[in-house]
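One structure below.
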Amino acid sequence: MSRVNFGIILILGLMSTVAHSMRFDLQSGATKCISDDIKSSAMTVGKYAVVNPNEGSPVPDSHKLTVRVTSPHGSNYHYGDHVESGNFAFTAAETGDYSACFWVSDHKPSTTVTIDFDWKTGVAAKDWSNVAKKGQIESMELELKKLYDTVSSIHDEMFYLREREEEMQQLNRSTNSKMAVFSGLSLFVCLSVAVTNKPMPLPGQQQWQASLSFSLAYMAQNCLSMTHLKQIHGRAVVTDLHHHAIVLAKMFRFAAISPAGDLSYAHRLFDQMPRPNTFFYNTLIRGYSKSSSPSESVGLFNHMRLNCVDPDEFTFTFLLKSRSRMKIDAAPIVGSDEIHGIALKFGFCAHLFVQNALIHIYGARGITVAARRVFDEAVAPDVVSWSGLVVAHVRAGELEFARQVFDEMPERDVVSWTAMISAYSQAKYSREALDLFWEMNREGVMPDEVTMVSVISACADSADLETGICIHRYIDENGFLWMVSLCNALIDMYAKCGCMDRAWQLFNKMSRKSLVTWNSMISACANHGNADDAFGLFECMTAAGVALDGVTFLALLVAYTHKGLVDEGLKLFERMQTDYRIEARIEHYGCVVDMLGKAGRLEEAYRLISSMPIPGNDVVWGTLLAACRTYGDADMGERVVNRLLELKPDEGGYYILLRDIYVAAGRTMEANATRQSMKVNGASKNPGCSWVGA
């Protein structure tokens, strides 16, 4: 018997590394989320691609996707906007359901997009050909490495199964008590039937129904598509087993939370249940917590309470996950979530996974006091609890406290490392971010896509080309270079460090280029004054059928400004709005004002700002004021300063610029009057500063 049990465990361990491939259809304007239960520290890779309806031609814009991959607590692991294909890879920081959500924008007439999706976890996620190439190892050694990783995966899976077995034992004890009640009810029903002289099913018929219900439940648990599930459901209806407790539970669970399920179908099943119990409510709340409509979970919970169905600890875990993904503007709700109070009332706040969900929801809102209070109440906080507290301080902008909590952590995972590195990078503490990354590397923690993007950003902000090259080499050696987002970040980093040759080399080597890739390269060329290269990239981009956006045109306007092609730039600005239907933002207007100002066409620039459909800001008017100083136009400068002082009456820098314009024009009296007016109005100029790196 022990051999049989070990064989079952071994098979389950190997199954955890199997690759899942599927093809599904998605209507325009619809969203589909696919989730997988992944254990902590498991390597996961995935790739997706839209099936081109017109082979040999570019994928039409109506078939482009928006893709987001998230952790059980809602952290982003991958994001692709308006793409036709992509890849992602990460190491799971915690055990739970990881979701990949696909969304197609609404189009008229409606279109159906077919998507191929491949998701691999565990040993199957490794690129063994790349491992062999990088390590220059023989085939026998490669097979041994595969075997070692497989055995390691089975070893980890056995410990994971041991934990799950303890959970199942608790569930079995709960189920046994419920089955006792169910048996009593069954006996009561049988006696009632006997009293009313209703004919009982024959023994053979009972045995046949029991066998069929078991078969249907087994098939529902192992089915692979909604088509298959609907066939099972139809068979259950025909044989009057669609209300059988186990059959219904298996069908419902697949439809609600399976990667290939259908949440709306699950909700219709739920609506047909006369008295759904806690399990069915929890399953549907869990399904909505991972969907694009998390607010539905709160409505289900309220319905659950109205029907006097008691929640359990799982109810609050899924409910808090939904709550953390909802946008809430009301200050009282943001400050202290009422779900916390309800969980406290029912006595479930002592459960660790409920506490972790509470820490996460308060951390996502940057409410560190509440997150810390929940953390301190935890008897044995785990790495998820600590990471949630770090994120809470980061969201609140409290980097010192975040680092203090990070240093106190008894164990750190990739989430906590990434949160701290990203916080330093976003706060422009580039050296601290890079030092922490190398420390992470020494600790043997494998970074993910988010980590590496933050590290590259730190190199770009500090203009540290040498470290940037080292990071590029590290990404290549560890097999991350296929990620488009990392290549985009590297192109931006090389451009900001002034190394356009390396930026071009990386761009030309990329087999897949996203919209961000093209925009990054066009912006790099424009900012370095290589206008002709920017125009050439734009032509290649349009020829490839890549959809343009506002960032594309902003980079092109910068290129026209550097080139001095004012009329051509104005035509492009007009075409952007009329031909491409892209609304001009304040950045576009500022760029056109700068273009006109450098050409000395100050009156045109003034009229453009005055006629903007959006309010002008100090940056746009300040750009025109700088042009007035360049060309010595005191009258225009005076008009612009008056508009600027309406926006910022206490800014003394505008008075000084106007005074300099008067002095250059030989109008000494106006210059002195401007200086006196600055003192009377109490305006002051911010002191300047500079730094020199040794």
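FYI, nothing fancy with the structure tokens labels: chains A, B, ... in order, residues from 1 per chain, ligands from 1 as they appear.
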
Spatial neighbours of region 633-646 of chain A, 8 Å, only C-alpha atoms, chain gap at least 4 places, as a VMD selection string
chain A and resid 602 to 603 618 621 to 622 624 to 625 628 to 629 650 to 651 654 to 655 658 661 to 662 665

Expected file contents, prior selection, N, CA and C atoms, as a tab-separated table (two decimals), in the first residue's frame:
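That gives us part.tsv:
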```tsv
chain	number	residue	atom	x	y	z
A	602	LEU	N	6.62	83.87	-32.38
A	602	LEU	CA	6.10	84.01	-31.02
A	602	LEU	C	4.61	84.28	-31.00
A	603	GLU	N	4.14	85.09	-31.93
A	603	GLU	CA	2.71	85.42	-31.96
A	603	GLU	C	1.88	84.17	-32.24
A	618	ASP	N	2.06	76.29	-16.33
A	618	ASP	CA	3.23	77.16	-16.26
A	618	ASP	C	4.37	76.68	-17.15
A	621	TRP	N	3.60	78.09	-20.82
A	621	TRP	CA	3.86	79.54	-20.86
A	621	TRP	C	5.34	79.84	-20.60
A	622	GLY	N	5.97	79.07	-19.72
A	622	GLY	CA	7.40	79.28	-19.45
A	622	GLY	C	8.26	79.01	-20.67
A	624	LEU	N	7.34	79.58	-23.78
A	624	LEU	CA	7.21	80.77	-24.63
A	624	LEU	C	8.00	81.95	-24.06
A	625	LEU	N	8.02	82.08	-22.72
A	625	LEU	CA	8.78	83.17	-22.10
A	625	LEU	C	10.28	83.03	-22.39
A	628	CYS	N	10.86	84.35	-25.74
A	628	CYS	CA	10.84	85.82	-25.76
A	628	CYS	C	12.19	86.39	-25.32
A	629	ARG	N	12.81	85.75	-24.35
A	629	ARG	CA	14.14	86.20	-23.91
A	629	ARG	C	15.17	86.00	-25.00
A	650	ASP	N	3.49	83.77	-6.74
A	650	ASP	CA	4.63	83.89	-5.83
A	650	ASP	C	5.95	83.48	-6.46
A	651	GLU	N	5.96	83.12	-7.75
A	651	GLU	CA	7.18	82.66	-8.40
A	651	GLU	C	8.00	83.86	-8.88
A	654	TYR	N	9.87	84.39	-12.77
A	654	TYR	CA	9.25	85.04	-13.93
A	654	TYR	C	9.59	86.53	-13.97
A	655	TYR	N	9.58	87.18	-12.80
A	655	TYR	CA	9.95	88.60	-12.74
A	655	TYR	C	11.39	88.80	-13.22
A	658	LEU	N	11.65	88.49	-16.98
A	658	LEU	CA	11.12	89.69	-17.63
A	658	LEU	C	12.08	90.87	-17.47
A	661	ILE	N	14.80	90.53	-19.93
A	661	ILE	CA	14.35	90.90	-21.28
A	661	ILE	C	14.36	92.42	-21.44
A	662	TYR	N	13.88	93.15	-20.40
A	662	TYR	CA	13.88	94.61	-20.45
A	662	TYR	C	15.30	95.16	-20.54
A	665	ALA	N	16.73	94.78	-23.93
A	665	ALA	CA	16.11	95.70	-24.88
A	665	ALA	C	16.44	97.16	-24.57
```

Region 533-540 of chain A environment, 12 Å, only C-alpha atoms, sequence neighbours closer than 2 positions dropped, as a PDB file with N, CA and C atoms, in the first residue's frame:
```
ATOM      1  N   MET A 500      24.161  55.272 -28.134  1.00  0.00           N
ATOM      2  CA  MET A 500      23.177  54.940 -29.153  1.00  0.00           C
ATOM      3  C   MET A 500      23.558  53.700 -29.955  1.00  0.00           C
ATOM      4  N   TRP A 504      20.924  50.731 -30.764  1.00  0.00           N
ATOM      5  CA  TRP A 504      20.597  50.247 -32.102  1.00  0.00           C
ATOM      6  C   TRP A 504      20.858  48.746 -32.233  1.00  0.00           C
ATOM      7  N   PHE A 507      18.032  46.921 -30.521  1.00  0.00           N
ATOM      8  CA  PHE A 507      16.790  47.100 -31.284  1.00  0.00           C
ATOM      9  C   PHE A 507      16.767  46.198 -32.516  1.00  0.00           C
ATOM     10  N   ASN A 508      17.876  46.155 -33.229  1.00  0.00           N
ATOM     11  CA  ASN A 508      17.937  45.361 -34.464  1.00  0.00           C
ATOM     12  C   ASN A 508      17.904  43.856 -34.189  1.00  0.00           C
ATOM     13  N   LYS A 513       8.892  43.221 -31.619  1.00  0.00           N
ATOM     14  CA  LYS A 513       8.945  44.615 -31.179  1.00  0.00           C
ATOM     15  C   LYS A 513       7.529  45.078 -30.848  1.00  0.00           C
ATOM     16  N   LEU A 515       4.835  48.223 -29.354  1.00  0.00           N
ATOM     17  CA  LEU A 515       4.674  49.662 -29.576  1.00  0.00           C
ATOM     18  C   LEU A 515       5.667  50.447 -28.727  1.00  0.00           C
ATOM     19  N   THR A 517       8.607  49.478 -27.844  1.00  0.00           N
ATOM     20  CA  THR A 517       9.930  49.338 -28.455  1.00  0.00           C
ATOM     21  C   THR A 517      10.151  50.418 -29.506  1.00  0.00           C
ATOM     22  N   TRP A 518       9.199  50.561 -30.419  1.00  0.00           N
ATOM     23  CA  TRP A 518       9.316  51.569 -31.471  1.00  0.00           C
ATOM     24  C   TRP A 518       9.358  52.974 -30.872  1.00  0.00           C
ATOM     25  N   ASN A 519       8.483  53.253 -29.918  1.00  0.00           N
ATOM     26  CA  ASN A 519       8.455  54.583 -29.305  1.00  0.00           C
ATOM     27  C   ASN A 519       9.755  54.900 -28.583  1.00  0.00           C
ATOM     28  N   SER A 520      10.323  53.907 -27.895  1.00  0.00           N
ATOM     29  CA  SER A 520      11.584  54.124 -27.175  1.00  0.00           C
ATOM     30  C   SER A 520      12.706  54.483 -28.133  1.00  0.00           C
ATOM     31  N   MET A 521      12.765  53.780 -29.266  1.00  0.00           N
ATOM     32  CA  MET A 521      13.847  54.035 -30.217  1.00  0.00           C
ATOM     33  C   MET A 521      13.652  55.362 -30.936  1.00  0.00           C
ATOM     34  N   ILE A 522      12.415  55.693 -31.303  1.00  0.00           N
ATOM     35  CA  ILE A 522      12.151  56.986 -31.950  1.00  0.00           C
ATOM     36  C   ILE A 522      12.478  58.131 -30.985  1.00  0.00           C
ATOM     37  N   SER A 523      12.085  57.984 -29.709  1.00  0.00           N
ATOM     38  CA  SER A 523      12.389  59.013 -28.705  1.00  0.00           C
ATOM     39  C   SER A 523      13.885  59.164 -28.510  1.00  0.00           C
ATOM     40  N   ALA A 524      14.610  58.042 -28.492  1.00  0.00           N
ATOM     41  CA  ALA A 524      16.061  58.096 -28.324  1.00  0.00           C
ATOM     42  C   ALA A 524      16.711  58.863 -29.470  1.00  0.00           C
ATOM     43  N   CYS A 525      16.289  58.562 -30.699  1.00  0.00           N
ATOM     44  CA  CYS A 525      16.856  59.261 -31.863  1.00  0.00           C
ATOM     45  C   CYS A 525      16.507  60.751 -31.835  1.00  0.00           C
ATOM     46  N   ALA A 526      15.259  61.077 -31.469  1.00  0.00           N
ATOM     47  CA  ALA A 526      14.831  62.476 -31.437  1.00  0.00           C
ATOM     48  C   ALA A 526      15.594  63.260 -30.385  1.00  0.00           C
ATOM     49  N   ASN A 527      15.761  62.695 -29.195  1.00  0.00           N
ATOM     50  CA  ASN A 527      16.452  63.399 -28.111  1.00  0.00           C
ATOM     51  C   ASN A 527      17.934  63.580 -28.391  1.00  0.00           C
ATOM     52  N   HIS A 528      18.507  62.709 -29.209  1.00  0.00           N
ATOM     53  CA  HIS A 528      19.922  62.835 -29.567  1.00  0.00           C
ATOM     54  C   HIS A 528      20.123  63.637 -30.852  1.00  0.00           C
ATOM     55  N   GLY A 529      19.039  64.222 -31.382  1.00  0.00           N
ATOM     56  CA  GLY A 529      19.151  65.055 -32.566  1.00  0.00           C
ATOM     57  C   GLY A 529      19.240  64.303 -33.869  1.00  0.00           C
ATOM     58  N   ASN A 530      19.002  62.976 -33.837  1.00  0.00           N
ATOM     59  CA  ASN A 530      19.057  62.162 -35.060  1.00  0.00           C
ATOM     60  C   ASN A 530      17.656  62.117 -35.681  1.00  0.00           C
ATOM     61  N   ALA A 531      17.235  63.257 -36.204  1.00  0.00           N
ATOM     62  CA  ALA A 531      15.861  63.370 -36.699  1.00  0.00           C
ATOM     63  C   ALA A 531      15.599  62.443 -37.875  1.00  0.00           C
ATOM     64  N   THR A 542       4.936  52.379 -39.540  1.00  0.00           N
ATOM     65  CA  THR A 542       3.642  52.416 -40.238  1.00  0.00           C
ATOM     66  C   THR A 542       3.556  51.316 -41.290  1.00  0.00           C
ATOM     67  N   ALA A 543       4.682  51.012 -41.948  1.00  0.00           N
ATOM     68  CA  ALA A 543       4.682  49.943 -42.950  1.00  0.00           C
ATOM     69  C   ALA A 543       4.408  48.587 -42.317  1.00  0.00           C
ATOM     70  N   ALA A 544       4.859  48.415 -41.058  1.00  0.00           N
ATOM     71  CA  ALA A 544       4.642  47.146 -40.352  1.00  0.00           C
ATOM     72  C   ALA A 544       3.243  47.040 -39.762  1.00  0.00           C
ATOM     73  N   GLY A 545       2.452  48.093 -39.886  1.00  0.00           N
ATOM     74  CA  GLY A 545       1.084  48.054 -39.380  1.00  0.00           C
ATOM     75  C   GLY A 545       0.967  48.222 -37.883  1.00  0.00           C
ATOM     76  N   VAL A 546       1.984  48.808 -37.259  1.00  0.00           N
ATOM     77  CA  VAL A 546       1.943  49.015 -35.811  1.00  0.00           C
ATOM     78  C   VAL A 546       1.049  50.220 -35.511  1.00  0.00           C
ATOM     79  N   ALA A 547       0.141  50.064 -34.566  1.00  0.00           N
ATOM     80  CA  ALA A 547      -0.763  51.160 -34.194  1.00  0.00           C
ATOM     81  C   ALA A 547       0.018  52.251 -33.467  1.00  0.00           C
ATOM     82  N   LEU A 548      -0.202  53.498 -33.852  1.00  0.00           N
ATOM     83  CA  LEU A 548       0.500  54.625 -33.258  1.00  0.00           C
ATOM     84  C   LEU A 548      -0.269  55.141 -32.051  1.00  0.00           C
ATOM     85  N   ASP A 549       0.439  55.852 -31.177  1.00  0.00           N
ATOM     86  CA  ASP A 549      -0.223  56.481 -30.038  1.00  0.00           C
ATOM     87  C   ASP A 549       0.359  57.874 -29.822  1.00  0.00           C
ATOM     88  N   THR A 552       4.236  58.270 -29.699  1.00  0.00           N
ATOM     89  CA  THR A 552       4.896  58.242 -31.007  1.00  0.00           C
ATOM     90  C   THR A 552       4.972  59.645 -31.599  1.00  0.00           C
ATOM     91  N   PHE A 553       3.850  60.353 -31.601  1.00  0.00           N
ATOM     92  CA  PHE A 553       3.816  61.684 -32.201  1.00  0.00           C
ATOM     93  C   PHE A 553       4.588  62.704 -31.370  1.00  0.00           C
ATOM     94  N   LEU A 554       4.610  62.519 -30.059  1.00  0.00           N
ATOM     95  CA  LEU A 554       5.398  63.427 -29.217  1.00  0.00           C
ATOM     96  C   LEU A 554       6.878  63.324 -29.559  1.00  0.00           C
ATOM     97  N   ALA A 555       7.373  62.090 -29.751  1.00  0.00           N
ATOM     98  CA  ALA A 555       8.774  61.898 -30.122  1.00  0.00           C
ATOM     99  C   ALA A 555       9.062  62.495 -31.496  1.00  0.00           C
ATOM    100  N   LEU A 556       8.120  62.350 -32.429  1.00  0.00           N
ATOM    101  CA  LEU A 556       8.322  62.905 -33.771  1.00  0.00           C
ATOM    102  C   LEU A 556       8.335  64.434 -33.749  1.00  0.00           C
ATOM    103  N   LEU A 557       7.485  65.031 -32.912  1.00  0.00           N
ATOM    104  CA  LEU A 557       7.481  66.491 -32.794  1.00  0.00           C
ATOM    105  C   LEU A 557       8.808  67.003 -32.231  1.00  0.00           C
ATOM    106  N   VAL A 558       9.393  66.261 -31.310  1.00  0.00           N
ATOM    107  CA  VAL A 558      10.723  66.620 -30.795  1.00  0.00           C
ATOM    108  C   VAL A 558      11.751  66.558 -31.917  1.00  0.00           C
ATOM    109  N   ALA A 559      11.645  65.534 -32.772  1.00  0.00           N
ATOM    110  CA  ALA A 559      12.582  65.409 -33.899  1.00  0.00           C
ATOM    111  C   ALA A 559      12.429  66.582 -34.868  1.00  0.00           C
ATOM    112  N   TYR A 560      11.188  66.964 -35.171  1.00  0.00           N
ATOM    113  CA  TYR A 560      10.969  68.117 -36.053  1.00  0.00           C
ATOM    114  C   TYR A 560      11.520  69.401 -35.426  1.00  0.00           C
ATOM    115  N   HIS A 562      14.139  69.653 -33.351  1.00  0.00           N
ATOM    116  CA  HIS A 562      15.598  69.619 -33.489  1.00  0.00           C
ATOM    117  C   HIS A 562      16.026  69.922 -34.930  1.00  0.00           C
ATOM    118  N   LYS A 563      15.234  69.451 -35.867  1.00  0.00           N
ATOM    119  CA  LYS A 563      15.572  69.631 -37.282  1.00  0.00           C
ATOM    120  C   LYS A 563      15.203  71.029 -37.779  1.00  0.00           C
ATOM    121  N   GLU A 568       6.443  71.376 -41.347  1.00  0.00           N
ATOM    122  CA  GLU A 568       6.199  69.921 -41.384  1.00  0.00           C
ATOM    123  C   GLU A 568       5.701  69.429 -40.025  1.00  0.00           C
ATOM    124  N   GLY A 569       6.281  70.001 -38.956  1.00  0.00           N
ATOM    125  CA  GLY A 569       5.831  69.614 -37.619  1.00  0.00           C
ATOM    126  C   GLY A 569       4.397  70.011 -37.354  1.00  0.00           C
ATOM    127  N   LEU A 572       2.141  67.582 -39.094  1.00  0.00           N
ATOM    128  CA  LEU A 572       2.060  66.315 -38.355  1.00  0.00           C
ATOM    129  C   LEU A 572       1.134  66.459 -37.157  1.00  0.00           C
TER     130      LEU A 572
END
```

If you count only C-alpha atoms, the residue of A:Val45, A:Ala350, A:Cys33, A:Leu565 closest to Asp262 (chain A) turns out to be A:Cys33

So which residues of region 248-371 of chain A fall under alpha helix (DSSP H) by DSSP, listed as a PyMOL selection string?
chain A and resi 248-257+263-271+278-289+295-306+313-324+331-335+338-346+352-364+368-371

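Residue nearest Pro615 (chain A) within the list A:Val104, A:Met446, A:Val298, A:Leu647: A:Leu647 [criterion: smallest interatomic distance, only C-alpha atoms].
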
Given the choices A:Phe314, A:Tyr79, A:Tyr589, A:Phe117, which gets closest to Lys47 (chain A) if the distance is worked out from only C-alpha atoms?
A:Phe117

Shortest contact to Ser454 (chain A), candidates A:Ile421, A:Ile469, A:Val374, A:Leu436, atoms counted only C-alpha atoms, goes to A:Ile421

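Distance check against Pro53 (chain A) using only C-alpha atoms: of A:Ala30, A:Ala584, A:Val453, A:Val113, the minimum falls on A:Val113.
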
When you look at His107 (chain A) with a cut-off of 10 Å (counting only C-alpha atoms), what residues show up, excluding the ones that are within fewer than 6 positions of it in the same chain? I need them as number ranges by chain.
A: 27-29, 61-63

Skipping near chain neighbours, those fewer than 6 positions away, what residues fall within 12 Å of Val663 (chain A) using only C-alpha atoms, listed as a compact mmCIF listing (two decimals) with C-alpha atoms, in the first residue's frame?
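What follows is the written file part38.txt:
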```txt
# COMPACT_ATOMS: atom_id res chain seq x y z
CA ARG A 629 14.14 86.20 -23.91
CA GLY A 632 14.41 90.01 -27.01
CA ASP A 633 10.66 90.54 -27.49
CA ALA A 634 9.84 92.58 -24.38
CA ILE A 656 13.67 88.03 -13.14
CA LEU A 657 13.26 86.69 -16.69
CA MET A 669 13.05 101.91 -16.18
CA GLU A 670 10.79 98.91 -16.84
CA ALA A 671 13.54 96.58 -15.54
CA ASN A 672 13.76 98.49 -12.23
CA ALA A 673 9.99 98.63 -11.94
CA THR A 674 9.79 94.85 -12.41
CA ARG A 675 12.32 94.35 -9.62
```

So that I can check the surroundings of Phe88 (chain A), please list as a PyMOL selection string every protein, DNA and RNA residue that reaches within 12 Å of it, counting only C-alpha atoms and ignoring chain neighbours fewer than 2 positions away.
chain A and resi 43-48+67-70+76-80+85-86+90-91+100+117-121+125+448-450+479-486

For the residues selected in the previous step, produce a file with C-alpha atoms as a compact mmCIF listing (two decimals), in the first residue's frame.
```txt
# COMPACT_ATOMS: atom_id res chain seq x y z
CA MET A 43 9.36 28.85 -11.97
CA THR A 44 6.60 29.81 -14.41
CA VAL A 45 6.78 30.89 -18.04
CA GLY A 46 4.02 31.62 -20.50
CA LYS A 47 3.49 32.88 -23.99
CA TYR A 48 0.44 34.04 -25.90
CA VAL A 67 -2.77 41.28 -21.11
CA ARG A 68 -2.08 41.38 -17.38
CA VAL A 69 -0.55 38.60 -15.23
CA THR A 70 -1.08 38.99 -11.48
CA ASN A 76 1.58 42.72 -11.47
CA TYR A 77 4.03 40.24 -13.00
CA HIS A 78 3.45 41.15 -16.64
CA TYR A 79 1.54 43.78 -18.59
CA GLY A 80 1.11 44.15 -22.33
CA SER A 85 1.80 38.33 -28.77
CA GLY A 86 4.00 38.23 -25.71
CA PHE A 90 8.46 34.73 -12.97
CA THR A 91 9.21 32.75 -9.84
CA ALA A 100 -3.52 35.87 -16.73
CA PHE A 117 -1.92 30.41 -24.79
CA ASP A 118 0.86 28.23 -23.37
CA TRP A 119 1.55 28.16 -19.62
CA LYS A 120 4.36 26.08 -18.11
CA THR A 121 5.21 25.59 -14.46
CA ALA A 125 9.17 25.96 -17.58
CA ASP A 448 11.71 38.50 -11.91
CA GLU A 449 10.74 40.82 -14.74
CA VAL A 450 9.62 43.63 -12.42
CA GLY A 479 17.88 33.81 -20.08
CA PHE A 480 15.74 36.94 -19.56
CA LEU A 481 16.62 38.67 -22.81
CA TRP A 482 13.56 37.30 -24.64
CA MET A 483 11.33 39.54 -22.49
CA VAL A 484 10.32 42.53 -24.61
CA SER A 485 9.82 44.78 -21.58
CA LEU A 486 13.43 44.27 -20.47
```

Out of A:Gly468, A:Pro259, A:Gly597, A:Gly287, which residue has the shortest atom-to-atom distance to Gly498 (chain A) when counting only C-alpha atoms?
A:Gly468

When you look at Leu319 (chain A) with a cut-off of 7 Å (counting only C-alpha atoms), what residues show up, excluding the ones that are within fewer than 5 positions of it in the same chain? I need them as a list in words.
Ile285, Ser289, Ser297 and Val298 of chain A

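Going from CA of Lys290 (chain A) over to CA of Asp376 (chain A), you cover 28.2 Å.
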
Distance in Å - CA of Val309 (chain A) versus CA of Val379 (chain A)
28.8 Å

One-decimal distance in Å that lies between CA of Lys598 (chain A) and CA of Arg659 (chain A):
20.6 Å

Contacts of Thr227 (chain A) at 12 Å or less, counting only C-alpha atoms, minus same-chain residues fewer than 2 places along, as a compact mmCIF listing (two decimals) with N, CA and C atoms, in the first residue's frame?
```
# COMPACT_ATOMS: atom_id res chain seq x y z
N PHE A 24 -8.47 29.60 -27.27
CA PHE A 24 -9.81 30.02 -26.92
C PHE A 24 -10.17 31.27 -27.71
N ALA A 220 -16.41 15.93 -14.61
CA ALA A 220 -16.47 17.38 -14.39
C ALA A 220 -15.19 17.89 -13.75
N CYS A 223 -12.47 17.76 -16.73
CA CYS A 223 -12.73 18.24 -18.08
C CYS A 223 -11.82 19.41 -18.42
N LEU A 224 -11.69 19.69 -19.72
CA LEU A 224 -10.70 20.67 -20.19
C LEU A 224 -11.32 21.89 -20.83
N SER A 225 -12.60 21.88 -21.07
CA SER A 225 -13.21 23.02 -21.76
C SER A 225 -14.67 23.15 -21.34
N LEU A 229 -17.81 20.56 -20.42
CA LEU A 229 -18.61 20.71 -19.21
C LEU A 229 -20.10 20.80 -19.54
N LYS A 230 -20.45 21.49 -20.61
CA LYS A 230 -21.86 21.61 -20.98
C LYS A 230 -22.44 20.25 -21.38
N GLN A 231 -21.62 19.41 -22.00
CA GLN A 231 -22.07 18.06 -22.32
C GLN A 231 -22.34 17.26 -21.05
N ILE A 232 -21.45 17.42 -20.06
CA ILE A 232 -21.64 16.74 -18.77
C ILE A 232 -22.90 17.26 -18.08
N HIS A 233 -23.06 18.59 -18.13
CA HIS A 233 -24.24 19.20 -17.51
C HIS A 233 -25.53 18.70 -18.18
N GLY A 234 -25.51 18.61 -19.51
CA GLY A 234 -26.68 18.10 -20.22
C GLY A 234 -27.02 16.68 -19.83
N PHE A 254 -15.50 24.12 -11.66
CA PHE A 254 -14.80 24.28 -12.94
C PHE A 254 -15.22 25.57 -13.63
N ALA A 255 -16.52 25.81 -13.69
CA ALA A 255 -17.01 26.99 -14.40
C ALA A 255 -16.57 28.28 -13.72
N ALA A 260 -10.12 27.48 -17.91
CA ALA A 260 -10.95 27.37 -19.12
C ALA A 260 -12.43 27.49 -18.81
N GLY A 261 -12.78 28.00 -17.62
CA GLY A 261 -14.17 28.08 -17.21
C GLY A 261 -14.89 29.30 -17.76
N ASP A 262 -16.10 29.51 -17.28
CA ASP A 262 -16.94 30.62 -17.71
C ASP A 262 -17.70 31.13 -16.49
N TYR A 265 -21.48 31.55 -16.77
CA TYR A 265 -22.17 30.25 -16.74
C TYR A 265 -22.28 29.76 -15.30
```
